[in-house]
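Note: the block below is query10.txt and it holds compact mmCIF, N, CA and C atoms.
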```txt
# COMPACT_ATOMS: atom_id res chain seq x y z
N GLN A 26 -1.40 14.90 -2.06
CA GLN A 26 -2.74 14.35 -1.87
C GLN A 26 -2.97 13.22 -2.88
N VAL A 27 -3.31 12.07 -2.35
CA VAL A 27 -3.54 10.93 -3.21
C VAL A 27 -4.89 11.07 -3.91
N GLN A 28 -4.89 10.83 -5.20
CA GLN A 28 -6.14 10.82 -5.96
C GLN A 28 -6.20 9.57 -6.81
N LEU A 29 -7.33 8.91 -6.77
CA LEU A 29 -7.60 7.76 -7.61
C LEU A 29 -8.88 8.06 -8.37
N VAL A 30 -8.80 8.05 -9.68
CA VAL A 30 -9.95 8.43 -10.50
C VAL A 30 -10.28 7.27 -11.44
N GLU A 31 -11.47 6.71 -11.24
CA GLU A 31 -11.90 5.59 -12.07
C GLU A 31 -12.64 6.08 -13.31
N SER A 32 -12.58 5.29 -14.35
CA SER A 32 -13.32 5.57 -15.57
C SER A 32 -13.62 4.25 -16.27
N GLY A 33 -14.52 4.30 -17.25
CA GLY A 33 -14.79 3.13 -18.06
C GLY A 33 -16.06 2.37 -17.72
N GLY A 34 -16.75 2.78 -16.68
CA GLY A 34 -17.99 2.11 -16.35
C GLY A 34 -19.08 2.41 -17.37
N GLY A 35 -20.20 1.70 -17.26
CA GLY A 35 -21.30 1.94 -18.17
C GLY A 35 -22.30 0.81 -18.15
N LEU A 36 -23.16 0.81 -19.15
CA LEU A 36 -24.21 -0.20 -19.29
C LEU A 36 -23.81 -1.18 -20.38
N VAL A 37 -23.92 -2.46 -20.06
CA VAL A 37 -23.56 -3.50 -21.02
C VAL A 37 -24.53 -4.67 -20.87
N HIS A 38 -24.72 -5.41 -21.95
CA HIS A 38 -25.59 -6.58 -21.89
C HIS A 38 -24.85 -7.78 -21.30
N THR A 39 -25.62 -8.73 -20.84
CA THR A 39 -25.03 -9.98 -20.34
C THR A 39 -24.12 -10.60 -21.39
N GLY A 40 -22.94 -11.00 -20.94
CA GLY A 40 -21.96 -11.58 -21.84
C GLY A 40 -21.00 -10.57 -22.44
N GLY A 41 -21.27 -9.31 -22.22
CA GLY A 41 -20.43 -8.26 -22.77
C GLY A 41 -19.17 -8.03 -21.96
N SER A 42 -18.41 -7.03 -22.38
CA SER A 42 -17.14 -6.71 -21.75
C SER A 42 -17.03 -5.22 -21.47
N LEU A 43 -16.25 -4.91 -20.46
CA LEU A 43 -15.90 -3.53 -20.13
C LEU A 43 -14.48 -3.51 -19.62
N ARG A 44 -13.83 -2.38 -19.81
CA ARG A 44 -12.49 -2.19 -19.27
C ARG A 44 -12.52 -0.95 -18.40
N LEU A 45 -12.29 -1.15 -17.12
CA LEU A 45 -12.21 -0.03 -16.18
C LEU A 45 -10.75 0.40 -16.04
N SER A 46 -10.57 1.69 -15.83
CA SER A 46 -9.23 2.21 -15.62
C SER A 46 -9.22 3.11 -14.40
N CYS A 47 -8.11 3.11 -13.71
CA CYS A 47 -7.94 3.96 -12.52
C CYS A 47 -6.64 4.72 -12.67
N ALA A 48 -6.74 6.04 -12.69
CA ALA A 48 -5.56 6.89 -12.78
C ALA A 48 -5.17 7.34 -11.38
N ALA A 49 -3.94 7.04 -11.01
CA ALA A 49 -3.45 7.36 -9.67
C ALA A 49 -2.49 8.54 -9.73
N SER A 50 -2.59 9.41 -8.74
CA SER A 50 -1.67 10.54 -8.62
C SER A 50 -1.44 10.84 -7.15
N GLY A 51 -0.34 11.54 -6.88
CA GLY A 51 -0.05 11.92 -5.50
C GLY A 51 0.54 10.81 -4.65
N LEU A 52 0.98 9.75 -5.29
CA LEU A 52 1.60 8.66 -4.54
C LEU A 52 2.71 8.05 -5.38
N ALA A 53 3.62 7.35 -4.70
CA ALA A 53 4.69 6.64 -5.40
C ALA A 53 4.10 5.33 -5.90
N PHE A 54 3.62 5.37 -7.13
CA PHE A 54 2.79 4.29 -7.67
C PHE A 54 3.46 2.92 -7.54
N SER A 55 4.73 2.85 -7.79
CA SER A 55 5.43 1.56 -7.79
C SER A 55 5.62 0.99 -6.39
N MET A 56 5.24 1.75 -5.37
CA MET A 56 5.39 1.28 -3.99
C MET A 56 4.09 0.70 -3.43
N HIS A 57 3.00 0.79 -4.21
CA HIS A 57 1.68 0.46 -3.69
C HIS A 57 1.07 -0.75 -4.38
N ASN A 58 0.49 -1.61 -3.55
CA ASN A 58 -0.42 -2.61 -4.10
C ASN A 58 -1.71 -1.90 -4.49
N MET A 59 -2.35 -2.35 -5.55
CA MET A 59 -3.57 -1.73 -6.04
C MET A 59 -4.67 -2.77 -6.13
N GLY A 60 -5.90 -2.33 -5.88
CA GLY A 60 -7.00 -3.27 -5.91
C GLY A 60 -8.26 -2.67 -6.50
N TRP A 61 -9.15 -3.55 -6.87
CA TRP A 61 -10.50 -3.17 -7.29
C TRP A 61 -11.49 -3.87 -6.35
N PHE A 62 -12.46 -3.10 -5.92
CA PHE A 62 -13.54 -3.61 -5.09
C PHE A 62 -14.85 -3.16 -5.72
N ARG A 63 -15.96 -3.75 -5.28
CA ARG A 63 -17.26 -3.33 -5.80
C ARG A 63 -18.30 -3.39 -4.71
N GLN A 64 -19.34 -2.60 -4.91
CA GLN A 64 -20.44 -2.57 -3.95
C GLN A 64 -21.76 -2.50 -4.69
N ALA A 65 -22.56 -3.54 -4.53
CA ALA A 65 -23.88 -3.59 -5.13
C ALA A 65 -24.89 -2.97 -4.16
N PRO A 66 -26.02 -2.51 -4.65
CA PRO A 66 -27.03 -1.90 -3.78
C PRO A 66 -27.44 -2.85 -2.65
N GLY A 67 -27.40 -2.34 -1.43
CA GLY A 67 -27.81 -3.12 -0.28
C GLY A 67 -26.80 -4.14 0.18
N LYS A 68 -25.63 -4.15 -0.42
CA LYS A 68 -24.61 -5.14 -0.05
C LYS A 68 -23.34 -4.44 0.42
N GLU A 69 -22.49 -5.20 1.10
CA GLU A 69 -21.22 -4.65 1.55
C GLU A 69 -20.22 -4.60 0.40
N ARG A 70 -19.27 -3.72 0.54
CA ARG A 70 -18.21 -3.63 -0.46
C ARG A 70 -17.39 -4.91 -0.41
N GLU A 71 -17.05 -5.44 -1.58
CA GLU A 71 -16.33 -6.71 -1.63
C GLU A 71 -15.14 -6.64 -2.57
N PHE A 72 -14.19 -7.51 -2.30
CA PHE A 72 -12.97 -7.59 -3.10
C PHE A 72 -13.26 -8.17 -4.47
N VAL A 73 -12.59 -7.60 -5.48
CA VAL A 73 -12.70 -8.11 -6.84
C VAL A 73 -11.36 -8.65 -7.32
N ALA A 74 -10.33 -7.81 -7.30
CA ALA A 74 -9.01 -8.21 -7.79
C ALA A 74 -7.97 -7.26 -7.24
N ALA A 75 -6.73 -7.75 -7.16
CA ALA A 75 -5.64 -6.91 -6.70
C ALA A 75 -4.36 -7.31 -7.41
N ILE A 76 -3.44 -6.37 -7.47
CA ILE A 76 -2.15 -6.62 -8.10
C ILE A 76 -1.07 -6.02 -7.21
N ASN A 77 0.05 -6.71 -7.08
CA ASN A 77 1.06 -6.25 -6.13
C ASN A 77 1.87 -5.10 -6.71
N TRP A 78 2.71 -4.52 -5.86
CA TRP A 78 3.45 -3.31 -6.22
C TRP A 78 4.38 -3.52 -7.41
N SER A 79 4.92 -4.74 -7.56
CA SER A 79 5.86 -5.00 -8.65
C SER A 79 5.16 -5.50 -9.91
N GLY A 80 3.87 -5.76 -9.82
CA GLY A 80 3.12 -6.17 -11.00
C GLY A 80 3.30 -7.62 -11.41
N ASP A 81 3.97 -8.40 -10.60
CA ASP A 81 4.23 -9.79 -10.99
C ASP A 81 3.32 -10.78 -10.28
N TYR A 82 2.39 -10.27 -9.49
CA TYR A 82 1.44 -11.17 -8.85
C TYR A 82 0.08 -10.50 -8.77
N ALA A 83 -0.93 -11.19 -9.20
CA ALA A 83 -2.30 -10.68 -9.16
C ALA A 83 -3.21 -11.76 -8.60
N TYR A 84 -4.27 -11.32 -7.99
CA TYR A 84 -5.21 -12.26 -7.38
C TYR A 84 -6.63 -11.76 -7.62
N SER A 85 -7.53 -12.67 -7.96
CA SER A 85 -8.92 -12.31 -8.20
C SER A 85 -9.83 -13.14 -7.31
N ALA A 86 -10.97 -12.58 -6.99
CA ALA A 86 -11.96 -13.33 -6.22
C ALA A 86 -12.43 -14.54 -7.03
N ASP A 87 -12.88 -15.57 -6.33
CA ASP A 87 -13.26 -16.82 -7.00
C ASP A 87 -14.29 -16.62 -8.10
N SER A 88 -15.29 -15.79 -7.83
CA SER A 88 -16.37 -15.62 -8.80
C SER A 88 -15.92 -14.85 -10.05
N GLU A 89 -14.78 -14.17 -9.95
CA GLU A 89 -14.29 -13.38 -11.08
C GLU A 89 -13.12 -14.03 -11.81
N ARG A 90 -12.55 -15.05 -11.19
CA ARG A 90 -11.36 -15.66 -11.78
C ARG A 90 -11.68 -16.25 -13.14
N GLY A 91 -10.86 -15.89 -14.10
CA GLY A 91 -11.09 -16.34 -15.46
C GLY A 91 -11.90 -15.38 -16.29
N ARG A 92 -12.62 -14.49 -15.64
CA ARG A 92 -13.40 -13.49 -16.36
C ARG A 92 -12.79 -12.09 -16.25
N PHE A 93 -12.22 -11.78 -15.10
CA PHE A 93 -11.66 -10.45 -14.86
C PHE A 93 -10.14 -10.53 -14.79
N THR A 94 -9.49 -9.54 -15.36
CA THR A 94 -8.02 -9.48 -15.33
C THR A 94 -7.59 -8.08 -14.90
N ILE A 95 -6.73 -8.04 -13.91
CA ILE A 95 -6.20 -6.75 -13.44
C ILE A 95 -4.79 -6.58 -13.98
N SER A 96 -4.45 -5.34 -14.32
CA SER A 96 -3.11 -5.05 -14.83
C SER A 96 -2.75 -3.63 -14.43
N ARG A 97 -1.47 -3.30 -14.52
CA ARG A 97 -1.04 -1.94 -14.18
C ARG A 97 0.01 -1.47 -15.16
N ASP A 98 0.02 -0.14 -15.35
CA ASP A 98 0.95 0.51 -16.27
C ASP A 98 1.72 1.55 -15.47
N TYR A 99 3.01 1.31 -15.28
CA TYR A 99 3.81 2.20 -14.45
C TYR A 99 4.09 3.53 -15.14
N ALA A 100 4.18 3.54 -16.43
CA ALA A 100 4.43 4.78 -17.17
C ALA A 100 3.25 5.74 -17.03
N LYS A 101 2.04 5.18 -16.98
CA LYS A 101 0.85 6.01 -16.90
C LYS A 101 0.29 6.11 -15.47
N SER A 102 0.83 5.31 -14.56
CA SER A 102 0.29 5.22 -13.19
C SER A 102 -1.18 4.87 -13.21
N THR A 103 -1.50 3.85 -13.97
CA THR A 103 -2.88 3.40 -14.05
C THR A 103 -2.98 1.91 -13.71
N VAL A 104 -4.14 1.54 -13.24
CA VAL A 104 -4.44 0.13 -13.01
C VAL A 104 -5.78 -0.15 -13.66
N ASP A 105 -5.82 -1.16 -14.50
CA ASP A 105 -7.01 -1.48 -15.27
C ASP A 105 -7.64 -2.79 -14.79
N LEU A 106 -8.94 -2.88 -15.04
CA LEU A 106 -9.67 -4.11 -14.78
C LEU A 106 -10.43 -4.48 -16.05
N GLU A 107 -9.98 -5.51 -16.71
CA GLU A 107 -10.65 -6.02 -17.90
C GLU A 107 -11.70 -7.02 -17.45
N MET A 108 -12.96 -6.76 -17.82
CA MET A 108 -14.06 -7.62 -17.38
C MET A 108 -14.75 -8.22 -18.59
N ASN A 109 -14.79 -9.52 -18.65
CA ASN A 109 -15.42 -10.25 -19.76
C ASN A 109 -16.55 -11.14 -19.23
N SER A 110 -17.39 -11.57 -20.16
CA SER A 110 -18.50 -12.48 -19.81
C SER A 110 -19.30 -11.93 -18.63
N LEU A 111 -19.64 -10.68 -18.71
CA LEU A 111 -20.32 -10.01 -17.60
C LEU A 111 -21.70 -10.58 -17.36
N LYS A 112 -22.08 -10.59 -16.10
CA LYS A 112 -23.37 -11.13 -15.66
C LYS A 112 -24.14 -10.04 -14.92
N PRO A 113 -25.44 -10.16 -14.85
CA PRO A 113 -26.22 -9.16 -14.09
C PRO A 113 -25.73 -9.01 -12.64
N GLU A 114 -25.26 -10.07 -12.05
CA GLU A 114 -24.78 -9.99 -10.67
C GLU A 114 -23.46 -9.23 -10.53
N ASP A 115 -22.85 -8.87 -11.65
CA ASP A 115 -21.65 -8.02 -11.61
C ASP A 115 -22.03 -6.54 -11.49
N THR A 116 -23.30 -6.23 -11.58
CA THR A 116 -23.75 -4.85 -11.45
C THR A 116 -23.40 -4.29 -10.08
N ALA A 117 -22.68 -3.18 -10.08
CA ALA A 117 -22.21 -2.56 -8.84
C ALA A 117 -21.46 -1.29 -9.16
N VAL A 118 -21.13 -0.56 -8.11
CA VAL A 118 -20.17 0.54 -8.23
C VAL A 118 -18.80 -0.08 -7.97
N TYR A 119 -17.87 0.16 -8.89
CA TYR A 119 -16.54 -0.40 -8.79
C TYR A 119 -15.57 0.68 -8.31
N TYR A 120 -14.79 0.31 -7.30
CA TYR A 120 -13.86 1.25 -6.67
C TYR A 120 -12.42 0.79 -6.85
N CYS A 121 -11.58 1.74 -7.15
CA CYS A 121 -10.13 1.51 -7.18
C CYS A 121 -9.57 1.86 -5.81
N ALA A 122 -8.57 1.12 -5.38
CA ALA A 122 -7.98 1.37 -4.07
C ALA A 122 -6.48 1.15 -4.10
N ALA A 123 -5.79 1.87 -3.23
CA ALA A 123 -4.35 1.72 -3.05
C ALA A 123 -4.06 1.45 -1.58
N ASP A 124 -3.12 0.57 -1.33
CA ASP A 124 -2.78 0.33 0.07
C ASP A 124 -1.85 1.43 0.58
N ARG A 125 -1.31 1.27 1.77
CA ARG A 125 -0.53 2.35 2.37
C ARG A 125 0.87 2.46 1.81
N GLY A 126 1.25 1.55 0.92
CA GLY A 126 2.54 1.64 0.28
C GLY A 126 3.64 0.94 1.06
N GLY A 127 4.87 1.16 0.62
CA GLY A 127 6.00 0.54 1.29
C GLY A 127 6.26 -0.88 0.85
N ARG A 128 5.67 -1.25 -0.30
CA ARG A 128 5.90 -2.58 -0.88
C ARG A 128 5.51 -3.68 0.09
N GLN A 129 4.30 -3.57 0.58
CA GLN A 129 3.77 -4.55 1.54
C GLN A 129 3.34 -5.82 0.81
N ARG A 130 3.05 -6.82 1.61
CA ARG A 130 2.47 -8.05 1.07
C ARG A 130 1.08 -7.74 0.53
N LEU A 131 0.71 -8.38 -0.56
CA LEU A 131 -0.59 -8.14 -1.18
C LEU A 131 -1.70 -8.67 -0.28
N GLU A 132 -2.68 -7.82 -0.01
CA GLU A 132 -3.82 -8.20 0.81
C GLU A 132 -5.11 -7.96 0.03
N ILE A 133 -6.19 -8.58 0.50
CA ILE A 133 -7.45 -8.46 -0.24
C ILE A 133 -8.61 -7.99 0.61
N THR A 134 -8.33 -7.53 1.82
CA THR A 134 -9.41 -7.04 2.67
C THR A 134 -9.46 -5.51 2.62
N LEU A 135 -10.64 -4.97 2.83
CA LEU A 135 -10.85 -3.52 2.73
C LEU A 135 -9.93 -2.74 3.66
N ARG A 136 -9.74 -3.24 4.86
CA ARG A 136 -8.99 -2.48 5.85
C ARG A 136 -7.53 -2.32 5.48
N ASP A 137 -7.05 -3.11 4.52
CA ASP A 137 -5.65 -3.01 4.11
C ASP A 137 -5.42 -1.92 3.07
N TYR A 138 -6.49 -1.28 2.63
CA TYR A 138 -6.40 -0.25 1.60
C TYR A 138 -6.72 1.11 2.20
N SER A 139 -5.81 2.07 1.98
CA SER A 139 -5.90 3.36 2.64
C SER A 139 -6.53 4.44 1.77
N HIS A 140 -6.46 4.26 0.47
CA HIS A 140 -6.90 5.30 -0.45
C HIS A 140 -7.93 4.73 -1.41
N TRP A 141 -8.98 5.50 -1.64
CA TRP A 141 -10.09 5.03 -2.45
C TRP A 141 -10.50 6.07 -3.48
N GLY A 142 -10.94 5.59 -4.62
CA GLY A 142 -11.53 6.47 -5.61
C GLY A 142 -13.01 6.67 -5.33
N GLN A 143 -13.66 7.45 -6.18
CA GLN A 143 -15.07 7.75 -6.00
C GLN A 143 -15.98 6.67 -6.58
N GLY A 144 -15.43 5.82 -7.41
CA GLY A 144 -16.20 4.72 -7.95
C GLY A 144 -16.77 5.01 -9.33
N THR A 145 -17.02 3.95 -10.07
CA THR A 145 -17.64 4.04 -11.38
C THR A 145 -18.72 2.95 -11.48
N GLN A 146 -19.87 3.33 -12.01
CA GLN A 146 -21.01 2.42 -12.05
C GLN A 146 -20.88 1.46 -13.23
N VAL A 147 -21.09 0.19 -12.93
CA VAL A 147 -21.17 -0.84 -13.97
C VAL A 147 -22.55 -1.49 -13.86
N THR A 148 -23.29 -1.47 -14.94
CA THR A 148 -24.62 -2.08 -14.96
C THR A 148 -24.67 -3.10 -16.08
N VAL A 149 -25.05 -4.32 -15.72
CA VAL A 149 -25.15 -5.40 -16.69
C VAL A 149 -26.61 -5.79 -16.81
N SER A 150 -27.17 -5.59 -17.98
CA SER A 150 -28.58 -5.90 -18.20
C SER A 150 -28.75 -7.34 -18.67
N SER A 151 -29.87 -7.93 -18.25
CA SER A 151 -30.13 -9.33 -18.63
C SER A 151 -30.87 -9.41 -19.94
```
What do you get writing this file as structure tokens?
Amino acid sequence: QVQLVESGGGLVHTGGSLRLSCAASGLAFSMHNMGWFRQAPGKEREFVAAINWSGDYAYSADSERGRFTISRDYAKSTVDLEMNSLKPEDTAVYYCAADRGGRQRLEITLRDYSHWGQGTQVTVSS
């Protein structure tokens, strides 16, 4: 059974930083692309960042590029999202996701991800 457990969310002031972590279990971690998505109140879930199965290619949404960095640790089976220069519009529930595996091409749409965590709340105060 695949489990993705996020941690590291919280309340931070504008301009602050947070580091989210996702612990993955029940899957062959090195075979899966991993992603972070977020959902703000009243809005659809949207892509934030993703990293491919081999860890040598990462992609971030335009609004996050330069502020957010995704990384993965194969020894711990974790994928982290380092978030800097946070803005109130970054407030959302952040979800970790894994694709179906098999060393697929990295994708950034929701439908390409088969496994989801429960999410962690990030609140940025102005």
**Request:** Based on DSSP run over this structure's backbone, return all residues of chain A in strand (DSSP E), as a ChimeraX atom specification.
**Result:** /A:28-32,35-38,43-50,59-64,71-76,83-85,93-98,103-108,117-124,138-141,145-150
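Atom pair atom N of A:Ala49 / atom C of A:Ala122: separated by 9.4 Å.
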**Message:** With only N, CA and C atoms as the counted atoms, please give the residues lying no more than 6.5 Å from stretch 62-76 of chain A, apart from itself and same-chain residues fewer than 2 positions off, as a PyMOL selection string.
**Reply:** chain A and resi 57-60+78-80+82-86+95+116-122+131+133
**Asked** So which one's closest to A:Arg130, A:Ser151, A:Ser102, A:Gln143, A:Asn77? Using only N, CA and C atoms, please.
**Response** A:Asn77
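Taking only N, CA and C atoms, the non-local environment of A:Gln28 within 8 Å (same-chain residues fewer than 4 positions away omitted) comprises Cys47, Ala48, Ala49, Ser50, Gly51, Leu52, His140, Trp141, Gly142 and Gln143 of chain A.
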**Prompt:** Quick one: of A:Val147, A:Ala100, A:Met56, A:Leu135, who's nearest to A:Pro113, counting only C-alpha atoms?
**Reply:** A:Val147
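The nearest approach to A:Arg44 among the residues A:Lys101, A:Phe93, A:Trp61, A:Met108, with only N, CA and C atoms taken into account, belongs to A:Met108.
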Once you add 8 Å to each side, what are the centre and edge lengths of the axis-aligned box holding all listed atoms of stretch 71-78 of chain A? One decimal in Å, as lines of an AutoDock Vina configuration file, if you can.
```
center_x = -6.3
center_y = -6.0
center_z = -4.8
size_x = 37.4
size_y = 21.3
size_z = 22.5
```
**Request:** Go through A:Asp81, A:Asp87, A:Asp98, A:Asp105 and flag the residue nearest A:Ser32, using only C-alpha atoms for the distances.
**Result:** A:Asp105
**Fill in**
With distances taken over all atoms listed in the file, the candidate from A:Gly91, A:Gln146, A:Val27, A:Leu36 nearest A:Ser110 is A:Gly91
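Of the listed residues (A:Leu43, A:Gly35, A:Phe54, A:Tyr138), A:Leu43 comes nearest to A:Arg92; the distances count only C-alpha atoms.
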**Message:** Among chain A, which ones does DSSP assign to helix (DSSP H, G or I) (computed from the backbone)? Answer as number ranges by chain.
**Reply:** A: 54-56, 113-115, 135-137
Could you add whatever atoms are missing so that stretch 85-95 of chain A carries all heavy atoms, then write the result as a PDB file, keeping the file's coordinate frame?
```pdb
ATOM      1  N   SER A  85      -7.530 -12.670  -7.960  1.00  0.00           N
ATOM      2  CA  SER A  85      -8.920 -12.310  -8.200  1.00  0.00           C
ATOM      3  C   SER A  85      -9.830 -13.140  -7.310  1.00  0.00           C
ATOM      4  O   SER A  85      -9.479 -14.267  -6.943  1.00  0.00           O
ATOM      5  CB  SER A  85      -9.298 -12.565  -9.663  1.00  0.00           C
ATOM      6  OG  SER A  85      -8.502 -11.804 -10.534  1.00  0.00           O
ATOM      7  N   ALA A  86     -10.970 -12.580  -6.990  1.00  0.00           N
ATOM      8  CA  ALA A  86     -11.960 -13.330  -6.220  1.00  0.00           C
ATOM      9  C   ALA A  86     -12.430 -14.540  -7.030  1.00  0.00           C
ATOM     10  O   ALA A  86     -12.401 -14.520  -8.263  1.00  0.00           O
ATOM     11  CB  ALA A  86     -13.140 -12.426  -5.882  1.00  0.00           C
ATOM     12  N   ASP A  87     -12.880 -15.570  -6.330  1.00  0.00           N
ATOM     13  CA  ASP A  87     -13.260 -16.820  -7.000  1.00  0.00           C
ATOM     14  C   ASP A  87     -14.290 -16.620  -8.100  1.00  0.00           C
ATOM     15  O   ASP A  87     -14.177 -17.192  -9.191  1.00  0.00           O
ATOM     16  CB  ASP A  87     -13.815 -17.807  -5.955  1.00  0.00           C
ATOM     17  CG  ASP A  87     -12.739 -18.338  -5.041  1.00  0.00           C
ATOM     18  OD1 ASP A  87     -11.544 -18.186  -5.393  1.00  0.00           O
ATOM     19  OD2 ASP A  87     -13.080 -18.887  -3.977  1.00  0.00           O
ATOM     20  N   SER A  88     -15.290 -15.790  -7.830  1.00  0.00           N
ATOM     21  CA  SER A  88     -16.370 -15.620  -8.800  1.00  0.00           C
ATOM     22  C   SER A  88     -15.920 -14.850 -10.050  1.00  0.00           C
ATOM     23  O   SER A  88     -16.590 -14.897 -11.071  1.00  0.00           O
ATOM     24  CB  SER A  88     -17.548 -14.885  -8.146  1.00  0.00           C
ATOM     25  OG  SER A  88     -17.140 -13.631  -7.659  1.00  0.00           O
ATOM     26  N   GLU A  89     -14.780 -14.170  -9.950  1.00  0.00           N
ATOM     27  CA  GLU A  89     -14.290 -13.380 -11.080  1.00  0.00           C
ATOM     28  C   GLU A  89     -13.120 -14.030 -11.810  1.00  0.00           C
ATOM     29  O   GLU A  89     -12.758 -13.608 -12.908  1.00  0.00           O
ATOM     30  CB  GLU A  89     -13.840 -11.990 -10.619  1.00  0.00           C
ATOM     31  CG  GLU A  89     -14.997 -11.035 -10.365  1.00  0.00           C
ATOM     32  CD  GLU A  89     -15.756 -11.353  -9.102  1.00  0.00           C
ATOM     33  OE1 GLU A  89     -15.141 -11.355  -8.026  1.00  0.00           O
ATOM     34  OE2 GLU A  89     -16.973 -11.579  -9.185  1.00  0.00           O
ATOM     35  N   ARG A  90     -12.550 -15.050 -11.190  1.00  0.00           N
ATOM     36  CA  ARG A  90     -11.360 -15.660 -11.780  1.00  0.00           C
ATOM     37  C   ARG A  90     -11.680 -16.250 -13.140  1.00  0.00           C
ATOM     38  O   ARG A  90     -12.647 -16.960 -13.322  1.00  0.00           O
ATOM     39  CB  ARG A  90     -10.822 -16.731 -10.838  1.00  0.00           C
ATOM     40  CG  ARG A  90      -9.346 -17.020 -11.026  1.00  0.00           C
ATOM     41  CD  ARG A  90      -8.821 -17.755  -9.815  1.00  0.00           C
ATOM     42  NE  ARG A  90      -8.901 -16.914  -8.634  1.00  0.00           N
ATOM     43  CZ  ARG A  90      -8.999 -17.389  -7.383  1.00  0.00           C
ATOM     44  NH1 ARG A  90      -9.045 -18.689  -7.173  1.00  0.00           N
ATOM     45  NH2 ARG A  90      -9.057 -16.559  -6.361  1.00  0.00           N
ATOM     46  N   GLY A  91     -10.860 -15.890 -14.100  1.00  0.00           N
ATOM     47  CA  GLY A  91     -11.090 -16.340 -15.460  1.00  0.00           C
ATOM     48  C   GLY A  91     -11.900 -15.380 -16.290  1.00  0.00           C
ATOM     49  O   GLY A  91     -11.908 -15.460 -17.521  1.00  0.00           O
ATOM     50  N   ARG A  92     -12.620 -14.490 -15.640  1.00  0.00           N
ATOM     51  CA  ARG A  92     -13.400 -13.490 -16.360  1.00  0.00           C
ATOM     52  C   ARG A  92     -12.790 -12.090 -16.250  1.00  0.00           C
ATOM     53  O   ARG A  92     -12.865 -11.301 -17.183  1.00  0.00           O
ATOM     54  CB  ARG A  92     -14.836 -13.447 -15.836  1.00  0.00           C
ATOM     55  CG  ARG A  92     -15.605 -14.732 -15.957  1.00  0.00           C
ATOM     56  CD  ARG A  92     -17.078 -14.514 -15.625  1.00  0.00           C
ATOM     57  NE  ARG A  92     -17.278 -14.019 -14.270  1.00  0.00           N
ATOM     58  CZ  ARG A  92     -17.967 -12.923 -13.972  1.00  0.00           C
ATOM     59  NH1 ARG A  92     -18.519 -12.201 -14.937  1.00  0.00           N
ATOM     60  NH2 ARG A  92     -18.135 -12.558 -12.715  1.00  0.00           N
ATOM     61  N   PHE A  93     -12.220 -11.780 -15.100  1.00  0.00           N
ATOM     62  CA  PHE A  93     -11.660 -10.450 -14.860  1.00  0.00           C
ATOM     63  C   PHE A  93     -10.140 -10.530 -14.790  1.00  0.00           C
ATOM     64  O   PHE A  93      -9.589 -11.462 -14.192  1.00  0.00           O
ATOM     65  CB  PHE A  93     -12.175  -9.883 -13.536  1.00  0.00           C
ATOM     66  CG  PHE A  93     -13.640  -9.545 -13.499  1.00  0.00           C
ATOM     67  CD1 PHE A  93     -14.502  -9.887 -14.540  1.00  0.00           C
ATOM     68  CD2 PHE A  93     -14.176  -8.888 -12.395  1.00  0.00           C
ATOM     69  CE1 PHE A  93     -15.849  -9.566 -14.502  1.00  0.00           C
ATOM     70  CE2 PHE A  93     -15.526  -8.566 -12.345  1.00  0.00           C
ATOM     71  CZ  PHE A  93     -16.358  -8.916 -13.393  1.00  0.00           C
ATOM     72  N   THR A  94      -9.490  -9.540 -15.360  1.00  0.00           N
ATOM     73  CA  THR A  94      -8.020  -9.480 -15.330  1.00  0.00           C
ATOM     74  C   THR A  94      -7.590  -8.080 -14.900  1.00  0.00           C
ATOM     75  O   THR A  94      -8.014  -7.093 -15.489  1.00  0.00           O
ATOM     76  CB  THR A  94      -7.432  -9.791 -16.713  1.00  0.00           C
ATOM     77  OG1 THR A  94      -7.875 -11.078 -17.143  1.00  0.00           O
ATOM     78  CG2 THR A  94      -5.911  -9.775 -16.651  1.00  0.00           C
ATOM     79  N   ILE A  95      -6.730  -8.040 -13.910  1.00  0.00           N
ATOM     80  CA  ILE A  95      -6.200  -6.750 -13.440  1.00  0.00           C
ATOM     81  C   ILE A  95      -4.790  -6.580 -13.980  1.00  0.00           C
ATOM     82  O   ILE A  95      -4.026  -7.550 -14.093  1.00  0.00           O
ATOM     83  CB  ILE A  95      -6.211  -6.683 -11.896  1.00  0.00           C
ATOM     84  CG1 ILE A  95      -5.843  -5.291 -11.410  1.00  0.00           C
ATOM     85  CG2 ILE A  95      -5.327  -7.759 -11.279  1.00  0.00           C
ATOM     86  CD1 ILE A  95      -6.046  -5.092  -9.904  1.00  0.00           C
TER      87      ILE A  95
END
```
